[in-house]
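upload-v5.txt follows; it contains compact mmCIF, C-alpha atoms and all ligand atoms.
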# COMPACT_ATOMS: atom_id res chain seq x y z
CA MET T 1 -13.91 94.11 -18.52
CA LEU T 2 -15.78 93.99 -21.82
CA LEU T 3 -14.55 91.15 -24.01
CA THR T 4 -15.11 90.57 -27.72
CA LEU T 5 -14.54 87.03 -28.92
CA VAL T 6 -14.83 86.08 -32.58
CA TYR T 7 -14.61 82.48 -33.80
CA ARG T 8 -15.49 80.31 -36.76
CA SER T 9 -16.42 76.63 -36.88
CA HIS T 10 -17.76 73.90 -39.15
CA ILE T 11 -21.27 72.48 -38.79
CA SER T 12 -21.35 68.76 -37.91
CA GLU T 13 -22.69 66.28 -40.43
CA HIS T 14 -25.72 65.12 -38.45
CA VAL T 15 -27.08 68.66 -37.80
CA HIS T 16 -29.98 70.01 -39.88
CA SER T 17 -29.79 73.73 -40.34
CA ALA T 18 -33.55 73.97 -39.51
CA SER T 19 -32.72 72.95 -35.92
CA LEU T 20 -30.61 76.09 -35.55
CA VAL T 21 -33.73 78.20 -35.11
CA ASP T 22 -34.53 76.48 -31.79
CA MET T 23 -30.94 76.72 -30.64
CA VAL T 24 -30.87 80.43 -31.38
CA SER T 25 -34.07 81.16 -29.49
CA GLN T 26 -32.75 79.36 -26.39
CA ALA T 27 -29.39 81.08 -26.73
CA ASN T 28 -31.18 84.40 -27.03
CA VAL T 29 -32.70 83.96 -23.57
CA ASN T 30 -29.46 82.66 -22.07
CA ASN T 31 -27.36 85.48 -23.54
CA GLY T 32 -29.86 88.02 -22.26
CA LEU T 33 -29.39 86.72 -18.72
CA LEU T 34 -25.62 86.75 -19.10
CA SER T 35 -25.54 90.21 -20.66
CA ILE T 36 -23.90 88.80 -23.79
CA THR T 37 -24.52 89.67 -27.42
CA GLY T 38 -24.07 86.83 -29.89
CA ILE T 39 -24.19 87.72 -33.56
CA LEU T 40 -24.17 84.41 -35.42
CA LEU T 41 -23.64 84.05 -39.18
CA PHE T 42 -24.12 80.78 -41.06
CA ASP T 43 -23.24 80.08 -44.70
CA GLY T 44 -24.54 76.51 -44.93
CA MET T 45 -21.24 74.98 -43.83
CA HIS T 46 -19.48 77.36 -41.46
CA PHE T 47 -20.53 79.35 -38.44
CA PHE T 48 -19.07 82.72 -37.56
CA GLN T 49 -19.93 84.21 -34.21
CA LEU T 50 -19.14 87.45 -32.46
CA LEU T 51 -19.67 87.28 -28.71
CA GLU T 52 -19.55 90.47 -26.72
CA GLY T 53 -20.00 90.87 -22.96
CA PRO T 54 -18.38 90.64 -19.52
CA GLU T 55 -15.08 88.72 -19.78
CA GLU T 56 -15.86 85.88 -17.38
CA ALA T 57 -19.32 85.28 -18.82
CA VAL T 58 -18.06 85.24 -22.44
CA ASP T 59 -15.18 82.88 -21.57
CA ALA T 60 -17.54 80.50 -19.75
CA LEU T 61 -20.06 80.51 -22.60
CA TYR T 62 -17.32 80.03 -25.19
CA SER T 63 -16.01 76.91 -23.44
CA THR T 64 -19.58 75.51 -23.44
CA ILE T 65 -19.91 76.35 -27.14
CA CYS T 66 -16.56 74.61 -27.89
CA GLN T 67 -17.92 71.36 -26.38
CA ASP T 68 -21.10 71.51 -28.48
CA GLN T 69 -21.27 68.49 -30.81
CA ARG T 70 -23.29 70.45 -33.37
CA HIS T 71 -20.06 71.90 -34.74
CA HIS T 72 -16.31 71.18 -34.82
CA ASN T 73 -12.99 72.74 -35.88
CA VAL T 74 -13.74 75.74 -33.68
CA VAL T 75 -11.02 78.37 -34.24
CA VAL T 76 -10.74 81.65 -32.31
CA LEU T 77 -10.07 84.51 -34.70
CA MET T 78 -10.01 87.39 -32.24
CA ARG T 79 -10.07 87.87 -28.48
CA ASP T 80 -9.88 91.52 -27.58
CA TYR T 81 -11.09 94.13 -25.13
CA ALA T 82 -13.24 97.10 -25.95
CA GLN T 83 -14.21 100.31 -24.27
CA SER T 84 -17.84 100.01 -25.33
CA ARG T 85 -20.16 97.48 -26.93
CA ARG T 86 -20.58 97.37 -30.66
CA PHE T 87 -23.96 95.75 -30.18
CA GLY T 88 -25.75 97.04 -27.11
CA ASN T 89 -28.83 94.86 -27.44
CA VAL T 90 -27.96 91.67 -25.64
CA GLY T 91 -29.26 88.33 -26.88
CA MET T 92 -28.63 86.25 -29.95
CA GLU T 93 -29.40 86.77 -33.60
CA LEU T 94 -28.78 84.48 -36.57
CA PHE T 95 -28.03 85.78 -40.06
CA ASP T 96 -28.31 83.05 -42.68
CA LEU T 97 -26.14 83.97 -45.65
CA ARG T 98 -27.87 81.45 -47.92
CA HIS T 99 -31.10 83.45 -47.92
CA HIS T 100 -29.81 86.99 -48.32
CA HIS T 101 -27.36 88.90 -50.47
CA GLU T 102 -24.11 89.81 -48.71
CA ASP T 103 -24.85 93.55 -48.79
CA GLU T 104 -28.22 92.94 -47.10
CA VAL T 105 -26.58 90.88 -44.35
CA LEU T 106 -23.89 93.47 -43.75
CA GLN T 107 -26.47 96.24 -43.59
CA ALA T 108 -28.67 94.20 -41.24
CA VAL T 109 -25.72 93.59 -38.91
CA LEU T 110 -24.68 97.23 -39.03
CA ASP T 111 -28.26 98.22 -38.20
CA LYS T 112 -27.93 96.22 -34.99
CA GLY T 113 -24.91 98.28 -34.00
CA THR T 114 -25.36 100.66 -31.12
CA SER T 115 -21.92 102.26 -31.09
CA LYS T 116 -21.50 104.56 -34.04
CA TYR T 117 -17.77 104.96 -33.51
CA ARG T 118 -16.85 101.31 -32.94
CA LEU T 119 -18.53 100.28 -36.17
CA THR T 120 -17.19 103.18 -38.18
CA TYR T 121 -13.48 103.41 -37.50
CA GLU T 122 -11.24 100.57 -38.65
CA ASP T 123 -12.71 97.94 -36.43
CA ARG T 124 -11.07 94.49 -36.53
CA ALA T 125 -14.18 92.63 -35.38
CA LEU T 126 -16.20 94.22 -38.14
CA GLN T 127 -13.47 93.47 -40.69
CA PHE T 128 -13.59 89.79 -39.68
CA LEU T 129 -17.35 89.88 -40.11
CA CYS T 130 -17.11 91.44 -43.61
CA THR T 131 -14.48 88.91 -44.65
CA PHE T 132 -16.77 86.04 -43.63
CA VAL T 133 -19.82 87.54 -45.34
CA GLN T 134 -17.83 88.07 -48.54
CA ALA T 135 -16.48 84.49 -48.31
CA ARG T 136 -12.87 85.63 -48.39
CA GLU T 137 -10.04 83.69 -46.66
CA LYS T 138 -11.96 80.42 -47.01
CA GLU T 139 -8.91 78.76 -48.58
CA ASN T 140 -7.25 79.09 -45.17
CA TYR T 141 -9.95 77.09 -43.37
CA LEU T 142 -8.09 73.83 -42.91
CA GLU T 143 -10.50 71.16 -41.75
CA ILE T 144 -9.13 68.33 -39.64
CA LEU T 145 -10.58 65.03 -38.43
CA PRO T 146 -11.19 64.32 -34.72
CA ALA T 147 -8.18 63.40 -32.52
CA ASP T 148 -9.17 59.70 -32.42
CA SER T 149 -9.07 59.37 -36.21
CA TRP T 150 -5.38 58.41 -35.91
CA SER T 151 -3.66 55.96 -33.57
CA PHE T 152 0.03 56.28 -32.81
CA ILE T 153 1.77 52.92 -32.83
CA ALA T 154 5.31 52.40 -31.52
CA ASP T 155 7.29 50.51 -34.12
CA GLU T 156 10.44 48.98 -32.74
CA PRO T 157 11.78 47.77 -29.42
CA LEU T 158 14.15 50.02 -27.50
CA LYS T 159 17.74 49.88 -28.58
CA ALA T 160 20.28 49.42 -25.80
CA GLU T 161 21.42 52.63 -24.14
CA VAL T 162 24.83 53.86 -25.07
CA GLU T 163 26.73 53.30 -21.86
CA PHE T 164 30.06 54.83 -22.68
CA ILE T 165 32.14 56.44 -20.05
CA PHE T 166 34.06 59.35 -21.45
CA PRO T 167 36.47 59.89 -18.57
CA GLU T 168 37.10 63.60 -19.02
CA MET T 169 33.46 64.45 -19.68
CA GLN T 170 31.41 63.13 -16.82
CA ASP T 171 29.38 66.14 -15.77
CA TYR T 172 27.01 66.10 -18.75
CA SER T 173 25.39 63.80 -21.25
CA PHE T 174 23.06 64.04 -24.25
CA ALA T 175 19.44 63.18 -24.93
CA PHE T 176 18.38 62.34 -28.49
CA GLN T 177 15.01 63.11 -30.04
CA PRO T 178 14.14 62.33 -33.65
CA ILE T 179 12.70 64.71 -36.20
CA VAL T 180 10.29 62.67 -38.31
CA ASP T 181 8.27 62.68 -41.50
CA PRO T 182 5.29 60.76 -40.04
CA LEU T 183 3.42 59.94 -43.23
CA SER T 184 6.46 58.47 -44.97
CA ARG T 185 7.52 56.89 -41.65
CA GLU T 186 10.98 58.31 -41.94
CA ILE T 187 13.38 59.60 -39.31
CA ILE T 188 14.87 62.71 -40.89
CA SER T 189 17.36 63.59 -38.19
CA TYR T 190 18.22 63.25 -34.50
CA GLU T 191 18.48 66.29 -32.32
CA ALA T 192 21.05 66.02 -29.52
CA THR T 193 20.37 68.17 -26.46
CA ILE T 194 22.76 68.54 -23.56
CA ARG T 195 21.63 67.16 -20.20
CA GLY T 196 23.09 66.63 -16.75
CA PRO T 197 24.61 63.14 -16.31
CA GLU T 198 21.33 61.93 -14.76
CA GLY T 199 19.13 63.77 -17.24
CA GLY T 200 18.95 67.25 -15.63
CA SER T 201 17.90 70.00 -18.07
CA ALA T 202 20.21 71.97 -20.35
CA MET T 203 19.28 75.12 -18.43
CA GLU T 204 20.40 73.48 -15.17
CA TYR T 205 23.70 72.47 -16.75
CA TYR T 206 24.44 75.92 -18.16
CA SER T 207 23.39 77.72 -14.96
CA ARG T 208 26.41 76.20 -13.20
CA LEU T 209 28.74 77.93 -15.64
CA SER T 210 29.61 81.59 -15.79
CA GLY T 211 31.21 84.19 -18.05
CA THR T 212 32.84 82.91 -21.20
CA THR T 213 33.16 79.37 -19.82
CA ILE T 214 29.57 78.84 -21.02
CA TYR T 215 30.67 79.26 -24.63
CA GLU T 216 33.73 77.05 -24.25
CA ALA T 217 31.66 74.34 -22.56
CA ASP T 218 28.93 74.69 -25.22
CA LEU T 219 31.43 74.00 -28.00
CA LYS T 220 33.44 71.31 -26.19
CA SER T 221 30.33 69.33 -25.25
CA LYS T 222 29.47 68.62 -28.89
CA LYS T 223 32.37 66.19 -29.12
CA LEU T 224 30.45 63.80 -26.89
CA ALA T 225 27.24 64.27 -28.93
CA PHE T 226 29.05 63.27 -32.14
CA ALA T 227 30.74 60.29 -30.51
CA MET T 228 27.45 59.08 -29.00
CA ALA T 229 25.58 59.53 -32.29
CA GLN T 230 28.15 57.43 -34.09
CA LYS T 231 28.05 54.67 -31.46
CA MET T 232 24.24 54.63 -31.56
CA GLY T 233 24.51 53.82 -35.24
CA ILE T 234 22.74 56.83 -36.75
CA GLY T 235 24.19 55.65 -40.07
CA ASP T 236 23.88 58.32 -42.72
CA LYS T 237 21.13 60.24 -40.88
CA THR T 238 21.80 63.81 -39.92
CA ILE T 239 22.31 64.99 -36.38
CA SER T 240 21.22 68.37 -35.19
CA ILE T 241 23.08 70.16 -32.40
CA LYS T 242 22.09 73.36 -30.62
CA LEU T 243 24.77 76.00 -30.43
CA LEU T 244 24.62 79.36 -28.69
CA PRO T 245 25.24 81.93 -31.46
CA MET T 246 27.72 83.75 -29.23
CA THR T 247 29.83 80.57 -29.02
CA LEU T 248 30.75 81.18 -32.65
CA VAL T 249 31.81 84.72 -31.72
CA MET T 250 33.51 84.20 -28.36
CA VAL T 251 35.49 80.98 -28.88
CA PRO T 252 38.46 81.41 -31.23
CA ASP T 253 38.44 79.00 -34.18
CA ALA T 254 35.07 77.57 -33.08
CA VAL T 255 34.14 76.18 -36.51
CA GLU T 256 37.53 74.53 -36.98
CA SER T 257 37.23 72.89 -33.57
CA LEU T 258 33.71 71.69 -34.42
CA ILE T 259 34.95 70.13 -37.68
CA ASN T 260 37.75 68.31 -35.82
CA ASP T 261 35.25 66.90 -33.30
CA ILE T 262 32.88 65.78 -36.09
CA ILE T 263 35.66 63.90 -37.85
CA ALA T 264 36.99 62.46 -34.54
CA GLY T 265 33.45 61.17 -33.90
CA GLY T 266 33.48 59.31 -37.23
CA LEU T 267 30.93 61.61 -38.88
CA VAL T 268 31.15 64.05 -41.78
CA PRO T 269 30.24 67.79 -41.68
CA GLU T 270 27.44 67.23 -44.22
CA GLN T 271 25.67 65.14 -41.54
CA ILE T 272 25.57 68.00 -39.08
CA VAL T 273 22.84 70.61 -38.72
CA VAL T 274 23.86 73.45 -36.42
CA ALA T 275 20.75 74.94 -34.80
CA ILE T 276 21.18 78.41 -33.38
CA THR T 277 18.53 79.99 -31.26
CA GLU T 278 17.28 83.43 -32.17
CA ASN T 279 17.33 84.46 -28.52
CA GLY T 280 21.09 84.38 -27.99
CA VAL T 281 21.84 88.07 -28.53
CA ILE T 282 24.45 88.46 -31.22
CA THR T 283 27.06 91.17 -30.74
CA ARG T 284 30.12 91.37 -32.99
CA GLU T 285 28.11 90.67 -36.12
CA ASP T 286 31.26 90.69 -38.27
CA LYS T 287 32.73 87.75 -36.34
CA PHE T 288 29.38 85.97 -36.38
CA SER T 289 28.99 86.29 -40.13
CA THR T 290 32.56 85.06 -40.73
CA ALA T 291 31.80 81.99 -38.59
CA MET T 292 28.57 81.46 -40.57
CA LYS T 293 30.51 81.48 -43.84
CA GLN T 294 33.07 78.98 -42.50
CA LEU T 295 30.32 76.78 -41.16
CA LYS T 296 28.47 76.63 -44.47
CA ALA T 297 31.68 76.27 -46.48
CA SER T 298 32.54 73.20 -44.40
CA GLY T 299 29.34 71.44 -45.54
CA MET T 300 27.42 71.78 -42.26
CA ARG T 301 23.86 73.04 -42.50
CA LEU T 302 22.26 75.77 -40.49
CA ALA T 303 18.89 75.88 -38.71
CA ILE T 304 17.23 78.60 -36.65
CA ASP T 305 15.82 77.07 -33.49
CA ASP T 306 12.83 78.28 -31.44
CA PHE T 307 11.72 80.36 -34.44
CA GLY T 308 8.93 82.75 -33.54
CA ALA T 309 9.76 82.94 -29.83
CA GLY T 310 12.23 85.80 -29.84
CA SER T 311 12.60 89.19 -31.39
CA ALA T 312 15.32 88.74 -34.00
CA GLY T 313 13.81 85.90 -36.00
CA LEU T 314 12.93 87.54 -39.28
CA LEU T 315 16.05 89.67 -39.51
CA LEU T 316 18.27 86.74 -38.52
CA LEU T 317 16.55 84.68 -41.20
CA THR T 318 17.37 87.22 -43.92
CA GLN T 319 20.99 87.49 -42.73
CA CYS T 320 21.80 83.81 -42.15
CA GLN T 321 19.74 82.20 -44.93
CA PRO T 322 19.30 78.97 -42.96
CA ASP T 323 18.53 75.58 -44.51
CA LYS T 324 15.87 74.85 -41.90
CA ILE T 325 13.81 76.60 -39.30
CA MET T 326 12.34 74.96 -36.24
CA ILE T 327 9.09 76.66 -35.23
CA ASP T 328 8.93 77.27 -31.48
CA ARG T 329 6.78 74.88 -29.45
CA ASN T 330 4.67 77.71 -27.99
CA MET T 331 3.56 78.66 -31.49
CA ILE T 332 2.57 75.03 -32.18
CA CYS T 333 0.67 74.46 -28.91
CA ASP T 334 -3.10 74.24 -29.72
CA ILE T 335 -2.57 75.72 -33.20
CA HIS T 336 -5.72 73.91 -34.41
CA THR T 337 -7.87 76.23 -32.27
CA SER T 338 -6.01 79.52 -32.69
CA GLY T 339 -6.61 81.81 -35.68
CA PRO T 340 -3.67 84.11 -34.84
CA LYS T 341 -1.20 81.19 -34.59
CA GLN T 342 -2.56 79.69 -37.82
CA ALA T 343 -2.11 82.99 -39.67
CA VAL T 344 1.49 83.39 -38.43
CA VAL T 345 2.47 79.78 -39.20
CA GLN T 346 0.86 79.95 -42.66
CA ALA T 347 2.95 83.07 -43.34
CA ILE T 348 6.11 81.28 -42.10
CA ILE T 349 5.33 78.34 -44.39
CA ARG T 350 4.82 80.71 -47.34
CA PHE T 351 8.06 82.64 -46.94
CA CYS T 352 10.05 79.50 -46.20
CA SER T 353 8.68 77.95 -49.37
CA ALA T 354 9.70 81.04 -51.34
CA LEU T 355 13.21 80.81 -49.87
CA GLU T 356 13.52 76.98 -50.13
CA ILE T 357 13.91 76.69 -46.35
CA SER T 358 12.47 73.55 -44.79
CA VAL T 359 10.12 73.93 -41.86
CA ILE T 360 10.13 71.74 -38.76
CA ALA T 361 7.33 72.00 -36.20
CA THR T 362 8.62 71.31 -32.68
CA GLY T 363 6.83 70.43 -29.44
CA VAL T 364 3.97 68.61 -31.22
CA GLU T 365 1.93 66.86 -28.52
CA LYS T 366 -1.62 66.50 -29.86
CA PRO T 367 -2.87 64.63 -32.93
CA GLU T 368 -4.93 67.71 -33.90
CA GLU T 369 -1.81 69.93 -33.92
CA TRP T 370 -0.07 67.49 -36.26
CA MET T 371 -3.17 67.13 -38.50
CA TRP T 372 -3.54 70.89 -38.85
CA LEU T 373 0.17 71.42 -39.59
CA ASP T 374 0.13 68.56 -42.10
CA ALA T 375 -2.87 70.11 -43.85
CA ALA T 376 -0.98 73.43 -43.92
CA GLY T 377 1.96 71.78 -45.68
CA VAL T 378 4.46 70.99 -42.90
CA CYS T 379 6.12 67.56 -43.34
CA ASN T 380 8.74 67.41 -40.59
CA PHE T 381 7.85 67.18 -36.91
CA GLN T 382 9.43 66.80 -33.52
CA GLY T 383 7.50 66.20 -30.33
CA GLU T 384 6.22 63.80 -27.74
CA LEU T 385 3.36 62.73 -30.00
CA PHE T 386 5.99 60.81 -32.00
CA ALA T 387 8.93 60.34 -29.61
CA GLU T 388 10.17 61.79 -26.34
CA PRO T 389 13.84 62.71 -25.99
CA ARG T 390 15.84 59.79 -24.62
CA LEU T 391 18.96 60.15 -22.50
CA LYS T 392 22.00 58.38 -23.99
CA GLY T 393 19.96 56.59 -26.62
CA THR T 394 17.50 56.75 -29.49
CA PRO T 395 13.83 56.54 -28.47
CA VAL T 396 11.07 54.44 -29.98
CA VAL T 397 8.99 56.32 -32.55
CA ALA T 398 5.19 56.08 -32.63
CA TRP T 399 3.90 56.33 -36.21
CA PRO T 400 0.36 57.45 -37.08
CA GLU T 401 -2.12 54.94 -38.47
CA VAL T 402 -5.65 55.81 -39.57
CA SER T 403 -8.14 54.40 -37.05
CA TYR T 404 -10.40 51.63 -38.33
CA GLU T 405 -13.62 53.66 -38.54
CA TYR T 406 -11.92 56.39 -40.61
CA GLN T 407 -10.50 54.01 -43.23
CA SER T 408 -12.34 54.58 -46.48
N1 LIG G 501 -25.64 79.06 -26.42
C1 LIG G 501 -25.82 80.23 -25.79
O1 LIG G 501 -26.35 80.26 -24.69
N2 LIG G 501 -25.42 81.40 -26.38
C2 LIG G 501 -24.82 81.45 -27.60
O2 LIG G 501 -24.47 82.52 -28.06
C3 LIG G 501 -24.62 80.22 -28.28
N3 LIG G 501 -24.04 80.19 -29.50
C4 LIG G 501 -23.86 78.99 -30.14
C5 LIG G 501 -23.27 78.96 -31.41
C6 LIG G 501 -23.08 77.76 -32.07
C7 LIG G 501 -22.46 77.72 -33.44
C8 LIG G 501 -23.46 76.53 -31.46
C9 LIG G 501 -23.26 75.23 -32.17
C10 LIG G 501 -24.06 76.57 -30.20
C11 LIG G 501 -24.27 77.78 -29.53
N4 LIG G 501 -24.87 77.82 -28.28
C12 LIG G 501 -25.06 79.02 -27.65
C13 LIG G 501 -25.36 76.60 -27.62
C14 LIG G 501 -24.40 76.14 -26.54
O3 LIG G 501 -23.34 75.41 -27.12
C15 LIG G 501 -25.11 75.26 -25.49
O4 LIG G 501 -25.78 74.24 -26.11
C16 LIG G 501 -26.08 76.10 -24.68
O5 LIG G 501 -25.40 77.18 -24.09
C17 LIG G 501 -26.73 75.25 -23.57
O6 LIG G 501 -25.73 74.78 -22.72
P1 LIG G 501 -26.06 73.94 -21.41
O7 LIG G 501 -26.95 72.82 -21.85
O8 LIG G 501 -24.71 73.46 -20.91
O9 LIG G 501 -26.73 74.89 -20.51

As structure tokens, please, write out the structure in this file.
Ligand code: FMN
Amino acid sequence: MLLTLVYRSHISEHVHSASLVDMVSQANVNNGLLSITGILLFDGMHFFQLLEGPEEAVDALYSTICQDQRHHNVVVLMRDYAQSRRFGNVGMELFDLRHHHEDEVLQAVLDKGTSKYRLTYEDRALQFLCTFVQAREKENYLEILPADSWSFIADEPLKAEVEFIFPEMQDYSFAFQPIVDPLSREIISYEATIRGPEGGSAMEYYSRLSGTTIYEADLKSKKLAFAMAQKMGIGDKTISIKLLPMTLVMVPDAVESLINDIIAGGLVPEQIVVAITENGVITREDKFSTAMKQLKASGMRLAIDDFGAGSAGLLLLTQCQPDKIMIDRNMICDIHTSGPKQAVVQAIIRFCSALEISVIATGVEKPEEWMWLDAAGVCNFQGELFAEPRLKGTPVVAWPEVSYEYQS
């Protein structure tokens, strides 16, 4: 299959642009053997490359290019399949934007084209190329430091586990994971997630239930989460609980029951963030919206969980007007190398800012993911980079510190 891969990157400090000429002539031979075309643009700081050729060969070459120390912050902009090549002459060609006017470069690239139709009709690869040549979108190039520029240091010894036996509630427990603001070293909230008594997953717990008992169990379980949070001494921090949206529809007086359990647990509704996932299909919208009103009127706050993973996210957002959204972990994974994910998350950040909704990035595992999100304007994070969920207790948090050689 014919693959087109477009990426951009940043030239490394120690590289002299004169040395690129040698690199290009070697790459020209290599690409010829691999049946790959590599159109490379350089503006003095950034590279932009379009690679076109057999899928396996392009993927293999791209992973070699990603390891190349001559550049960094390599971000894929497009990975797509085509019926025919745009550039039939395999090899490698460099277009240096510092020495030519943008129209000349565009014309020179177009002259290399061998497929009249691909380069004429609204072609995404060509649009990317034009955008780079015209130096548009540069404000969205967020540059981050290498992964080892930050160390993550655990700050406090483990607190004792909460070993309470709640006699009537023995077949489940809760794990707690903090949501943090790493640069101000602040725990914003704890998220409580249901687990089996020995730590089995929420999915495992729910799979044992059937019919409407799922919703009743979902609601009833929160009583334990509130009681545990209070015993763990969360003080005036907020606690976030996940609720199936249909629980609010199927269980009569669900919000009232939730309020009673919050108060019985020694907490106040203002401390509670109810996170609903966008995947739990909502039928009976009238009942759902009544429950939403009651929930907000009680002082509890609303979050949309796993945002970006399902189909109803944007519509649900306009209907519920949440206080927070938690971006799904799959959207966060390797965001520093993915142009499409970066574009989507930047759009989420923009509309959340316009609507005064705070954004939480979940599932953050790599320093580079956090650095990119921080540069994009996200302040609140959840993920193993900072703290893993801990069964029946609050985990230790690892806070970022700038590594010695990056301190200015
Ligand atoms: N090498 C190629 O063979 N083809 C290319 O199209 C190509 N493009 C590159 C673009 C940039 C911006 C950079 C920094 C390097 C590029 N290279 C290219 C060089 C490769 O990263 C690598 O050095 C080369 O393939 C030799 O790899 P090897 O020593 O593992 O055989």

Given the point (28.6, 61.1, -25.6) in the coordinates of this file, which residues lie within 6 Å, counting all atoms listed in the file, and how would they look as a short mmCIF file (atom, residue, chain, number, x, y, z; two decimals) with C-alpha atoms, in the coordinates of the input?
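Writing the result to selection-v7.cif gives the following:
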data_model
loop_
_atom_site.label_atom_id
_atom_site.label_comp_id
_atom_site.auth_asym_id
_atom_site.auth_seq_id
_atom_site.Cartn_x
_atom_site.Cartn_y
_atom_site.Cartn_z
CA LEU T 224 30.45 63.80 -26.89
CA ALA T 225 27.24 64.27 -28.93
CA ALA T 227 30.74 60.29 -30.51
CA MET T 228 27.45 59.08 -29.00
#

Between T:Ser149, T:Asp155, T:Ile259, T:Ala361, which is the closest to T:Glu186 once you count only C-alpha atoms?
->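 Using only C-alpha atoms, the shortest distance to T:Glu186 belongs to T:Asp155.
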
Determine, counting all atoms listed in the file, which protein, DNA and RNA residues have an atom within 12 Å of an atom of stretch 99-101 of chain T; residues of the same chain fewer than 4 positions away are not included. Present the result as a list in words.
->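 Everything that qualifies: Leu41, Phe42, Asp43, Gly44, Leu94, Phe95, Val105, Leu106, Gln107, Ala108, Val133, Gln134 and Ala135 of chain T.
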
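The two atoms in question, atom C2 of ligand LIG 501 (chain G) and atom CA of T:Leu126, are spaced 18.7 Å apart.
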
Tell me, as a PyMOL selection string, which residues lie within 7 Å of stretch 12-18 of chain T, counting all atoms listed in the file; anything in the same chain fewer than 3 positions away does not count.
-> chain T and resi 21+70-72
